[in-house]
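Asker: What follows is the file entry-v5.cif, containing mmCIF, C-alpha atoms:
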data_my_file
loop_
_atom_site.label_atom_id
_atom_site.label_comp_id
_atom_site.auth_asym_id
_atom_site.auth_seq_id
_atom_site.Cartn_x
_atom_site.Cartn_y
_atom_site.Cartn_z
CA MET A 1 -18.37 25.07 -42.03
CA SER A 2 -21.79 26.56 -42.71
CA GLU A 3 -21.66 26.67 -46.49
CA MET A 4 -25.15 25.25 -46.77
CA PHE A 5 -26.55 28.46 -45.33
CA ASN A 6 -27.49 31.61 -47.08
CA GLN A 7 -26.23 34.75 -45.32
CA ARG A 8 -29.29 36.90 -45.95
CA GLU A 9 -32.11 34.66 -44.80
CA PRO A 10 -32.66 34.05 -41.09
CA VAL A 11 -30.60 30.98 -40.29
CA TYR A 12 -33.27 29.49 -38.04
CA LEU A 13 -35.76 29.45 -40.94
CA GLN A 14 -33.15 27.71 -43.09
CA VAL A 15 -32.73 25.09 -40.37
CA VAL A 16 -36.51 24.56 -40.29
CA ARG A 17 -36.70 24.18 -44.08
CA ASN A 18 -33.75 21.79 -44.10
CA PHE A 19 -35.58 19.73 -41.48
CA LYS A 20 -38.79 19.70 -43.53
CA GLU A 21 -36.89 18.51 -46.60
CA LYS A 22 -35.39 15.66 -44.61
CA VAL A 23 -38.81 14.70 -43.29
CA ALA A 24 -40.37 14.80 -46.77
CA SER A 25 -37.56 12.73 -48.29
CA GLY A 26 -37.75 10.17 -45.51
CA GLU A 27 -34.20 10.84 -44.35
CA LEU A 28 -35.83 11.69 -41.03
CA GLN A 29 -38.49 9.16 -40.08
CA PRO A 30 -41.69 9.91 -38.13
CA GLY A 31 -40.96 9.39 -34.45
CA GLU A 32 -37.20 9.56 -34.97
CA GLU A 33 -35.17 11.04 -32.14
CA MET A 34 -33.63 14.44 -32.87
CA PRO A 35 -30.06 15.30 -31.90
CA SER A 36 -29.76 17.71 -28.99
CA ARG A 37 -29.70 21.40 -29.74
CA ARG A 38 -26.03 21.59 -28.84
CA GLU A 39 -25.11 18.66 -31.10
CA LEU A 40 -27.03 20.12 -34.00
CA ALA A 41 -25.41 23.54 -33.53
CA ASN A 42 -22.02 21.85 -33.61
CA THR A 43 -22.78 19.76 -36.69
CA LEU A 44 -24.18 22.70 -38.61
CA GLY A 45 -21.56 25.15 -37.33
CA ILE A 46 -24.11 27.71 -36.26
CA ASN A 47 -25.01 29.58 -33.11
CA PRO A 48 -26.72 27.38 -30.47
CA ASN A 49 -29.27 30.13 -29.79
CA THR A 50 -30.27 29.96 -33.46
CA VAL A 51 -30.83 26.21 -33.21
CA GLN A 52 -32.86 26.81 -30.08
CA ARG A 53 -35.03 29.21 -32.03
CA ALA A 54 -35.45 26.73 -34.90
CA PHE A 55 -36.56 24.02 -32.41
CA LYS A 56 -39.05 26.42 -30.89
CA ARG A 57 -40.52 27.15 -34.33
CA MET A 58 -40.66 23.44 -35.21
CA GLU A 59 -42.45 22.73 -31.94
CA GLU A 60 -44.92 25.54 -32.61
CA GLU A 61 -45.62 24.05 -36.03
CA ASN A 62 -46.05 20.64 -34.34
CA LEU A 63 -43.24 19.19 -36.44
CA LEU A 64 -41.52 18.03 -33.27
CA TYR A 65 -42.81 16.83 -29.96
CA THR A 66 -41.04 16.57 -26.66
CA GLU A 67 -42.22 14.43 -23.77
CA GLY A 68 -40.93 15.55 -20.39
CA ASN A 69 -37.16 15.48 -20.26
CA MET A 70 -36.77 13.20 -23.28
CA PRO A 71 -35.09 14.25 -26.54
CA SER A 72 -37.42 15.80 -29.11
CA ARG A 73 -38.88 13.50 -31.77
CA VAL A 74 -40.18 13.99 -35.29
CA THR A 75 -43.98 14.13 -35.36
CA GLU A 76 -45.94 11.00 -36.29
CA ASP A 77 -49.06 12.97 -37.19
CA GLN A 78 -49.82 12.03 -40.80
CA SER A 79 -51.77 15.19 -41.56
CA ILE A 80 -48.80 17.36 -40.52
CA LEU A 81 -46.39 15.21 -42.52
CA GLY A 82 -48.67 15.59 -45.54
CA GLN A 83 -48.75 19.34 -45.02
CA VAL A 84 -44.94 19.50 -44.99
CA ARG A 85 -44.80 17.73 -48.31
CA SER A 86 -47.36 19.92 -50.03
CA GLU A 87 -45.82 23.06 -48.54
CA LEU A 88 -42.38 22.20 -49.92
CA MET A 89 -43.87 21.31 -53.29
CA LEU A 90 -45.83 24.56 -53.47
CA ASP A 91 -42.66 26.45 -52.54
CA ALA A 92 -40.67 24.81 -55.32
CA VAL A 93 -43.43 25.32 -57.88
CA GLU A 94 -43.74 28.99 -56.97
CA HIS A 95 -40.01 29.42 -57.43
CA PHE A 96 -40.18 27.61 -60.73
CA ILE A 97 -43.05 29.73 -62.03
CA ALA A 98 -41.28 32.92 -60.98
CA ALA A 99 -38.21 31.72 -62.88
CA VAL A 100 -39.97 30.80 -66.15
CA LYS A 101 -42.43 33.72 -66.25
CA PRO A 102 -39.93 36.24 -67.66
CA ILE A 103 -39.16 33.83 -70.53
CA GLY A 104 -42.76 34.12 -71.69
CA VAL A 105 -43.65 30.48 -72.38
CA THR A 106 -47.15 28.96 -72.40
CA LEU A 107 -48.45 26.61 -69.74
CA LYS A 108 -48.63 23.80 -72.30
CA GLU A 109 -44.96 24.24 -73.23
CA ILE A 110 -43.97 24.21 -69.58
CA GLN A 111 -46.04 21.08 -68.85
CA ASP A 112 -44.49 19.21 -71.79
CA LYS A 113 -40.98 20.29 -70.87
CA VAL A 114 -41.43 19.36 -67.22
CA GLU A 115 -42.73 15.94 -68.16
CA GLU A 116 -39.97 15.32 -70.70
CA GLN A 117 -37.20 16.41 -68.33
CA TYR A 118 -38.67 14.57 -65.37
CA LEU A 119 -38.81 11.30 -67.25
CA LEU A 120 -35.33 11.84 -68.70
CA GLU A 121 -33.79 12.41 -65.27
CA ALA A 122 -35.70 9.50 -63.77
CA SER A 123 -34.33 7.18 -66.45
CA GLN A 124 -30.78 8.50 -65.94
CA ASN A 125 -31.01 7.81 -62.23
CA GLY A 126 -31.69 4.18 -63.06
CA GLY A 127 -35.41 4.69 -62.64
CA ASP A 128 -35.19 4.46 -58.86
CA ASN A 129 -37.40 7.54 -58.46
CA GLU A 130 -40.61 5.53 -58.07
CA MET B 131 -24.07 41.24 -19.05
CA ILE B 132 -21.04 43.36 -19.83
CA GLU B 133 -22.05 46.97 -20.09
CA VAL B 134 -19.72 49.57 -21.50
CA ARG B 135 -20.73 53.21 -21.14
CA GLN B 136 -19.27 56.22 -22.90
CA LEU B 137 -15.66 55.10 -23.07
CA GLU B 138 -13.19 57.78 -24.07
CA LYS B 139 -9.51 57.21 -24.62
CA LYS B 140 -6.64 59.13 -26.19
CA TYR B 141 -3.23 57.92 -27.26
CA LYS B 142 -1.26 61.16 -27.10
CA ARG B 143 -3.50 63.53 -29.05
CA LYS B 144 -5.25 60.86 -31.04
CA LYS B 145 -8.75 60.01 -29.84
CA VAL B 146 -9.13 56.24 -30.17
CA LEU B 147 -12.38 55.81 -28.27
CA ASN B 148 -14.86 58.61 -28.58
CA GLY B 149 -17.87 57.69 -26.44
CA ILE B 150 -18.20 53.93 -26.96
CA SER B 151 -21.30 52.32 -25.42
CA PHE B 152 -22.68 48.83 -25.95
CA THR B 153 -23.70 45.69 -24.09
CA ALA B 154 -22.73 42.03 -24.43
CA ASN B 155 -25.09 39.44 -22.93
CA LYS B 156 -24.29 36.24 -21.14
CA GLY B 157 -25.07 33.14 -23.20
CA GLU B 158 -24.49 35.11 -26.38
CA ILE B 159 -21.62 35.74 -28.77
CA THR B 160 -21.13 39.43 -29.39
CA CYS B 161 -18.79 40.54 -32.11
CA LEU B 162 -16.98 43.88 -32.23
CA ILE B 163 -16.41 44.63 -35.88
CA GLY B 164 -14.24 47.38 -37.28
CA THR B 165 -11.37 48.04 -39.61
CA ASN B 166 -7.79 47.96 -38.35
CA GLY B 167 -7.16 50.82 -35.97
CA SER B 168 -10.82 51.42 -35.15
CA GLY B 169 -10.27 50.82 -31.43
CA LYS B 170 -11.49 47.24 -30.99
CA THR B 171 -8.49 45.97 -29.06
CA THR B 172 -8.42 49.11 -26.92
CA ILE B 173 -12.02 48.39 -25.86
CA LEU B 174 -11.12 44.87 -24.72
CA LYS B 175 -8.06 46.19 -22.89
CA ALA B 176 -10.20 48.87 -21.27
CA ILE B 177 -12.66 46.25 -20.01
CA MET B 178 -9.72 44.33 -18.54
CA ASN B 179 -8.31 47.53 -17.00
CA LEU B 180 -5.10 47.10 -18.97
CA THR B 181 -5.18 50.63 -20.26
CA PRO B 182 -6.23 53.83 -18.49
CA LEU B 183 -9.33 55.66 -19.75
CA GLU B 184 -10.11 59.36 -19.94
CA LYS B 185 -13.77 58.72 -19.26
CA GLY B 186 -16.35 56.00 -19.13
CA GLU B 187 -17.74 53.21 -16.97
CA ILE B 188 -17.76 49.43 -17.26
CA PHE B 189 -20.16 47.10 -15.46
CA ILE B 190 -20.19 43.33 -15.24
CA ASP B 191 -23.61 42.01 -14.23
CA GLY B 192 -24.44 45.48 -12.96
CA LYS B 193 -21.36 45.75 -10.75
CA ALA B 194 -18.40 48.03 -11.29
CA LEU B 195 -15.10 46.27 -11.89
CA ASP B 196 -13.16 45.23 -8.82
CA ARG B 197 -11.00 42.31 -7.74
CA GLU B 198 -13.99 40.01 -7.44
CA THR B 199 -15.58 40.81 -10.78
CA TYR B 200 -12.26 40.15 -12.49
CA GLU B 201 -12.57 36.51 -11.41
CA THR B 202 -15.61 36.23 -13.70
CA ILE B 203 -13.91 37.46 -16.85
CA ALA B 204 -10.99 36.28 -18.99
CA PHE B 205 -9.08 37.93 -21.81
CA ILE B 206 -7.51 36.02 -24.69
CA PRO B 207 -5.14 38.44 -26.43
CA ASP B 208 -4.24 38.15 -30.11
CA ALA B 209 -0.77 36.84 -29.25
CA ILE B 210 0.11 34.32 -26.58
CA THR B 211 1.55 35.86 -23.41
CA MET B 212 3.52 32.84 -22.22
CA MET B 213 7.29 32.49 -22.34
CA PRO B 214 8.28 30.82 -25.65
CA SER B 215 10.59 28.42 -23.82
CA MET B 216 7.66 26.96 -21.86
CA THR B 217 5.96 23.73 -22.80
CA ILE B 218 2.17 23.68 -22.97
CA GLN B 219 2.26 21.75 -19.69
CA GLY B 220 4.40 24.51 -18.16
CA ALA B 221 2.02 27.20 -19.38
CA MET B 222 -0.92 25.35 -17.82
CA GLU B 223 0.91 25.05 -14.48
CA PHE B 224 1.63 28.76 -14.67
CA MET B 225 -2.07 29.50 -15.19
CA ALA B 226 -3.09 27.14 -12.35
CA GLU B 227 -0.73 29.03 -10.05
CA PHE B 228 -2.19 32.43 -10.89
CA TYR B 229 -5.93 31.83 -11.31
CA ILE B 230 -8.39 30.40 -8.82
CA SER B 231 -10.74 29.75 -11.73
CA TRP B 232 -8.30 27.50 -13.62
CA ASN B 233 -10.01 24.21 -14.54
CA GLN B 234 -7.45 21.55 -15.49
CA GLU B 235 -10.12 19.06 -16.50
CA ARG B 236 -11.46 21.46 -19.06
CA ALA B 237 -7.92 22.33 -20.21
CA THR B 238 -7.21 18.64 -20.88
CA GLU B 239 -10.50 18.33 -22.75
CA LEU B 240 -9.55 21.34 -24.86
CA LEU B 241 -6.06 19.97 -25.61
CA ASN B 242 -7.65 16.76 -26.87
CA PHE B 243 -10.17 18.72 -28.87
CA PHE B 244 -7.40 20.67 -30.61
CA LYS B 245 -5.17 17.58 -30.82
CA LEU B 246 -2.33 19.32 -28.98
CA SER B 247 0.31 17.59 -26.94
CA SER B 248 1.11 19.09 -23.53
CA ARG B 249 4.80 18.20 -23.96
CA ASP B 250 5.24 20.52 -26.96
CA LYS B 251 7.22 23.70 -26.56
CA ILE B 252 5.35 26.91 -27.32
CA SER B 253 8.21 28.34 -29.42
CA GLN B 254 8.07 25.31 -31.70
CA LEU B 255 4.36 25.47 -32.49
CA SER B 256 2.89 26.71 -35.78
CA LYS B 257 1.00 29.99 -35.71
CA GLY B 258 -2.34 28.17 -35.79
CA ASN B 259 -1.38 25.86 -32.94
CA THR B 260 0.00 28.76 -30.89
CA MET B 261 -3.40 30.45 -31.22
CA LYS B 262 -5.09 27.21 -30.17
CA VAL B 263 -2.91 27.04 -27.04
CA ASN B 264 -3.77 30.65 -26.40
CA MET B 265 -7.47 29.73 -26.64
CA VAL B 266 -7.00 26.74 -24.32
CA LEU B 267 -5.39 28.93 -21.66
CA GLY B 268 -8.34 31.34 -21.72
CA LEU B 269 -11.19 28.88 -22.22
CA ALA B 270 -10.05 26.63 -19.38
CA LEU B 271 -10.78 29.35 -16.87
CA ASP B 272 -14.16 28.92 -15.20
CA VAL B 273 -15.38 32.40 -15.96
CA ASP B 274 -18.72 33.82 -17.09
CA TYR B 275 -17.28 36.08 -19.75
CA LEU B 276 -14.58 35.60 -22.34
CA LEU B 277 -13.00 38.38 -24.33
CA MET B 278 -11.08 37.30 -27.43
CA ASP B 279 -9.04 39.55 -29.62
CA GLU B 280 -8.98 38.47 -33.28
CA PRO B 281 -9.02 34.71 -32.63
CA PHE B 282 -9.26 34.00 -36.38
CA SER B 283 -6.63 36.34 -37.64
CA GLY B 284 -3.79 35.00 -39.77
CA ILE B 285 -4.40 31.27 -39.38
CA ASP B 286 -5.34 28.63 -41.91
CA ILE B 287 -8.92 27.69 -42.74
CA PHE B 288 -8.93 24.34 -40.92
CA SER B 289 -7.60 25.84 -37.73
CA ARG B 290 -10.19 28.58 -38.08
CA GLU B 291 -12.93 25.99 -38.45
CA GLN B 292 -11.65 24.14 -35.42
CA ILE B 293 -11.61 27.29 -33.32
CA ALA B 294 -15.05 28.25 -34.63
CA SER B 295 -16.47 24.88 -33.58
CA VAL B 296 -15.44 25.66 -30.00
CA PHE B 297 -18.08 28.38 -30.03
CA THR B 298 -20.87 25.93 -30.77
CA SER B 299 -19.67 23.38 -28.22
CA ASN B 300 -20.30 22.91 -24.52
CA LEU B 301 -16.89 24.52 -23.88
CA VAL B 302 -18.48 27.92 -24.32
CA GLU B 303 -22.02 26.98 -23.28
CA ASN B 304 -23.89 29.64 -21.30
CA ARG B 305 -20.93 31.96 -21.15
CA GLY B 306 -20.84 35.42 -22.62
CA VAL B 307 -18.32 35.87 -25.40
CA LEU B 308 -17.07 39.15 -26.76
CA ILE B 309 -14.79 38.82 -29.77
CA THR B 310 -13.21 41.29 -32.13
CA THR B 311 -12.67 40.62 -35.80
CA HIS B 312 -12.21 42.28 -39.13
CA GLU B 313 -13.05 39.08 -41.03
CA ILE B 314 -16.65 38.39 -40.23
CA SER B 315 -17.69 36.23 -43.21
CA ASP B 316 -16.32 33.04 -41.64
CA ILE B 317 -18.30 33.42 -38.49
CA GLU B 318 -21.52 35.14 -39.55
CA HIS B 319 -23.58 32.15 -38.45
CA LEU B 320 -21.88 31.92 -35.10
CA ILE B 321 -22.59 35.32 -33.68
CA ASP B 322 -25.68 36.61 -31.94
CA LYS B 323 -24.93 40.27 -32.02
CA ALA B 324 -22.75 42.58 -34.09
CA VAL B 325 -21.40 45.91 -32.86
CA LEU B 326 -19.93 47.99 -35.69
CA ILE B 327 -17.26 50.49 -34.76
CA GLU B 328 -15.72 53.32 -36.68
CA ASN B 329 -13.52 56.20 -35.55
CA GLY B 330 -13.92 55.28 -31.91
CA LYS B 331 -17.71 55.27 -32.03
CA VAL B 332 -20.41 52.62 -32.27
CA VAL B 333 -22.04 53.14 -35.66
CA THR B 334 -24.69 50.48 -35.19
CA GLU B 335 -25.40 47.38 -33.11
CA PHE B 336 -27.88 44.68 -34.01
CA ASN B 337 -28.88 41.06 -33.61
CA ALA B 338 -27.71 39.18 -36.71
CA GLU B 339 -30.80 36.96 -37.04
CA GLU B 340 -33.18 39.90 -36.56
CA MET B 341 -31.31 41.81 -39.26
CA ARG B 342 -31.73 38.89 -41.68
CA GLU B 343 -35.38 38.50 -40.73
CA GLU B 344 -36.40 42.15 -40.87
CA SER B 345 -34.22 43.51 -43.66
CA GLY B 346 -32.89 40.45 -45.49
CA LYS B 347 -29.36 41.71 -44.91
CA SER B 348 -26.31 39.75 -43.88
CA VAL B 349 -23.78 41.19 -41.44
CA VAL B 350 -21.45 41.79 -44.39
CA ASP B 351 -24.25 43.70 -46.18
CA VAL B 352 -24.62 46.03 -43.21
CA MET B 353 -20.83 46.45 -43.05
CA ARG B 354 -20.75 47.50 -46.70
CA GLU B 355 -23.38 50.14 -46.00
CA VAL B 356 -21.52 51.43 -42.99
CA TYR B 357 -17.93 51.33 -44.19
CA GLN B 358 -18.33 52.03 -47.90
CA PRO B 359 -21.22 54.47 -48.22
#
Show me, as structure tokens, the structure contained in the file I just sent.
Answerer:
Amino acid sequence: MSEMFNQREPVYLQVVRNFKEKVASGELQPGEEMPSRRELANTLGINPNTVQRAFKRMEEENLLYTEGNMPSRVTEDQSILGQVRSELMLDAVEHFIAAVKPIGVTLKEIQDKVEEQYLLEASQNGGDNE
Amino acid sequence: MIEVRQLEKKYKRKKVLNGISFTANKGEITCLIGTNGSGKTTILKAIMNLTPLEKGEIFIDGKALDRETYETIAFIPDAITMMPSMTIQGAMEFMAEFYISWNQERATELLNFFKLSSRDKISQLSKGNTMKVNMVLGLALDVDYLLMDEPFSGIDIFSREQIASVFTSNLVENRGVLITTHEISDIEHLIDKAVLIENGKVVTEFNAEEMREESGKSVVDVMREVYQP
């Protein structure tokens, strides 16, 4: 059902982040029509009021726009799309730094390791990551 | 809104409800949580006037309960109340006879949703399917409020998921739902509000998302604090 959700973090924020990841990865295209709130609640197996709240937040952050009575669409504003990408990247990097800090490695070691691992994984995935 | 004020109830000398007060809003799913024997079912029965109370008041949308307000509320007990020899079709006809608010169109929609056949006999259904029929009979009433007693209890995971998905669908849209459960983990993401009960009293009530946002706690976390201090 809702295994993708963490029980301790507000679910609406998890929905927003999930949306941002899909936008950054291109799974959701700029201008793409969003499912209705009810549909999304049903697909995700979560409370419709929570989805409503997530939509409200995404509209406030200008990630979505709604014209009149039409379904909401993903923003086409390039500066916002760029922001989403850098925000997600910063988030991931912060998590990463927090995770490696206790191990007590130098920045140089980290940089080398990241590069090595990144290239290794890219080659294993058939090099389709750019 | 269903408003319950200071309910008190004794079974013989045992106090089951000891000043229970809480509210359940329309358009929201409110969950009464408590261990077995904490008085959850008694509260639902009290709202439905199925059990006499020592004290306390119950209001639906600000009005005391009377014949009219009972048309706006439905109770789905934890076991089906139809004759086992009836077919699902027979049970639906029985409901149509008794309730003005019976909506056959919605009942048919629900049967399809649960993949049930109206020709099946109730006595021959599995436990999970019997509970689904029970849900159909309650959900097909055009009422503003639905009370459900342990809808997830003792049935397999897929049936539970199916029943849970009713809550996110248009079949429940805009209605107020009050459910009881002692297994919350399955439905944490479905509920708006949790009301925790112990020894016939409300220990705490909170909005699940607000709890996550303000304290980083899941409903189960709060339950641990309350029930296993």
Asker: Determine the residue set returned by the PyMOL selection byres ((chain B) within 8 of (chain A)) for the present structure, and present it as a PDB file with C-alpha atoms, in the coordinates of the input.
Answerer:
ATOM      1  CA  GLU B 158     -24.490  35.110 -26.380  1.00  0.00           C
ATOM      2  CA  GLU B 291     -12.930  25.990 -38.450  1.00  0.00           C
ATOM      3  CA  ALA B 294     -15.050  28.250 -34.630  1.00  0.00           C
ATOM      4  CA  SER B 295     -16.470  24.880 -33.580  1.00  0.00           C
ATOM      5  CA  PHE B 297     -18.080  28.380 -30.030  1.00  0.00           C
ATOM      6  CA  THR B 298     -20.870  25.930 -30.770  1.00  0.00           C
ATOM      7  CA  SER B 299     -19.670  23.380 -28.220  1.00  0.00           C
ATOM      8  CA  ASN B 300     -20.300  22.910 -24.520  1.00  0.00           C
ATOM      9  CA  GLU B 318     -21.520  35.140 -39.550  1.00  0.00           C
ATOM     10  CA  HIS B 319     -23.580  32.150 -38.450  1.00  0.00           C
ATOM     11  CA  LEU B 320     -21.880  31.920 -35.100  1.00  0.00           C
ATOM     12  CA  ILE B 321     -22.590  35.320 -33.680  1.00  0.00           C
ATOM     13  CA  ASP B 322     -25.680  36.610 -31.940  1.00  0.00           C
ATOM     14  CA  GLU B 339     -30.800  36.960 -37.040  1.00  0.00           C
ATOM     15  CA  GLU B 340     -33.180  39.900 -36.560  1.00  0.00           C
ATOM     16  CA  ARG B 342     -31.730  38.890 -41.680  1.00  0.00           C
ATOM     17  CA  GLU B 343     -35.380  38.500 -40.730  1.00  0.00           C
ATOM     18  CA  GLY B 346     -32.890  40.450 -45.490  1.00  0.00           C
ATOM     19  CA  LYS B 347     -29.360  41.710 -44.910  1.00  0.00           C
ATOM     20  CA  SER B 348     -26.310  39.750 -43.880  1.00  0.00           C
ATOM     21  CA  VAL B 349     -23.780  41.190 -41.440  1.00  0.00           C
TER      22      VAL B 349
END
Asker: Suppose you want the space between CA of Thr311 in chain B and CA of Tyr275 in chain B; what is it in Å?
Answerer: 17.3 Å
Asker: Which neighbours of Asp274 in chain B fall inside 10 Å, counting only C-alpha atoms, when residues of the same chain fewer than 6 positions from it are skipped, and could you give them as a ChimeraX atom specification?
Answerer: /B:131,156-157,190-191,199,201-204,302-307
Asker: Can those selected residues be exported to a file as a CSV table (one decimal), in the coordinates of the input so that it contains C-alpha atoms?
Answerer:
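Saved the output as again.csv:
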chain,number,residue,atom,x,y,z
B,131,MET,CA,-24.1,41.2,-19.0
B,156,LYS,CA,-24.3,36.2,-21.1
B,157,GLY,CA,-25.1,33.1,-23.2
B,190,ILE,CA,-20.2,43.3,-15.2
B,191,ASP,CA,-23.6,42.0,-14.2
B,199,THR,CA,-15.6,40.8,-10.8
B,201,GLU,CA,-12.6,36.5,-11.4
B,202,THR,CA,-15.6,36.2,-13.7
B,203,ILE,CA,-13.9,37.5,-16.8
B,204,ALA,CA,-11.0,36.3,-19.0
B,302,VAL,CA,-18.5,27.9,-24.3
B,303,GLU,CA,-22.0,27.0,-23.3
B,304,ASN,CA,-23.9,29.6,-21.3
B,305,ARG,CA,-20.9,32.0,-21.2
B,306,GLY,CA,-20.8,35.4,-22.6
B,307,VAL,CA,-18.3,35.9,-25.4
Asker: Might you spell out which residues the PyMOL selection byres ((chain B and resi 286) around 12) would select in the displayed file, as a ChimeraX atom specification?
Answerer: /B:256-259,261-262,281-285,287-293,316
Asker: Using the chain letters and numbers from this file, what does the PyMOL selection byres ((chain A and resi 55) around 10) select? Give the answer as a list of chain:residue names.
Answerer: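 When the PyMOL selection byres ((chain A and resi 55) around 10) is applied, the selected residues are A:Tyr12, A:Val15, A:Val16, A:Ser36, A:Arg37, A:Asn49, A:Thr50, A:Val51, A:Gln52, A:Arg53, A:Ala54, A:Lys56, A:Arg57, A:Met58, A:Glu59, A:Glu60, A:Glu61, A:Leu63, A:Leu64, A:Tyr65, A:Ser72.
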Asker: Find the spatial neighbours of Ser231 in chain B, counting only C-alpha atoms, within a cut-off of 9 Å - ignore same-chain residues fewer than 4 positions away - and output them as a PyMOL selection string.
Answerer: chain B and resi 201-202+226+270-273
Asker: Check the smallest atom-to-atom distance from each of B:Lys251, B:Lys170, B:Arg354, B:Lys323 to Asn155 in chain B using all atoms listed in the file, then report the winner.
Answerer: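 That would be B:Lys323, the residue with the smallest distance to Asn155 in chain B.
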Asker: Kindly give the distance, in Å, that separates CA of Arg249 in chain B and CA of Thr217 in chain B, rounded to a single decimal.
Answerer: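 Rounded to one decimal, the two atoms are 5.8 Å apart.
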Asker: One decimal, Å: what's the distance from CA of Leu267 in chain B over to CA of Ile252 in chain B, could you say?
Answerer: 12.3 Å
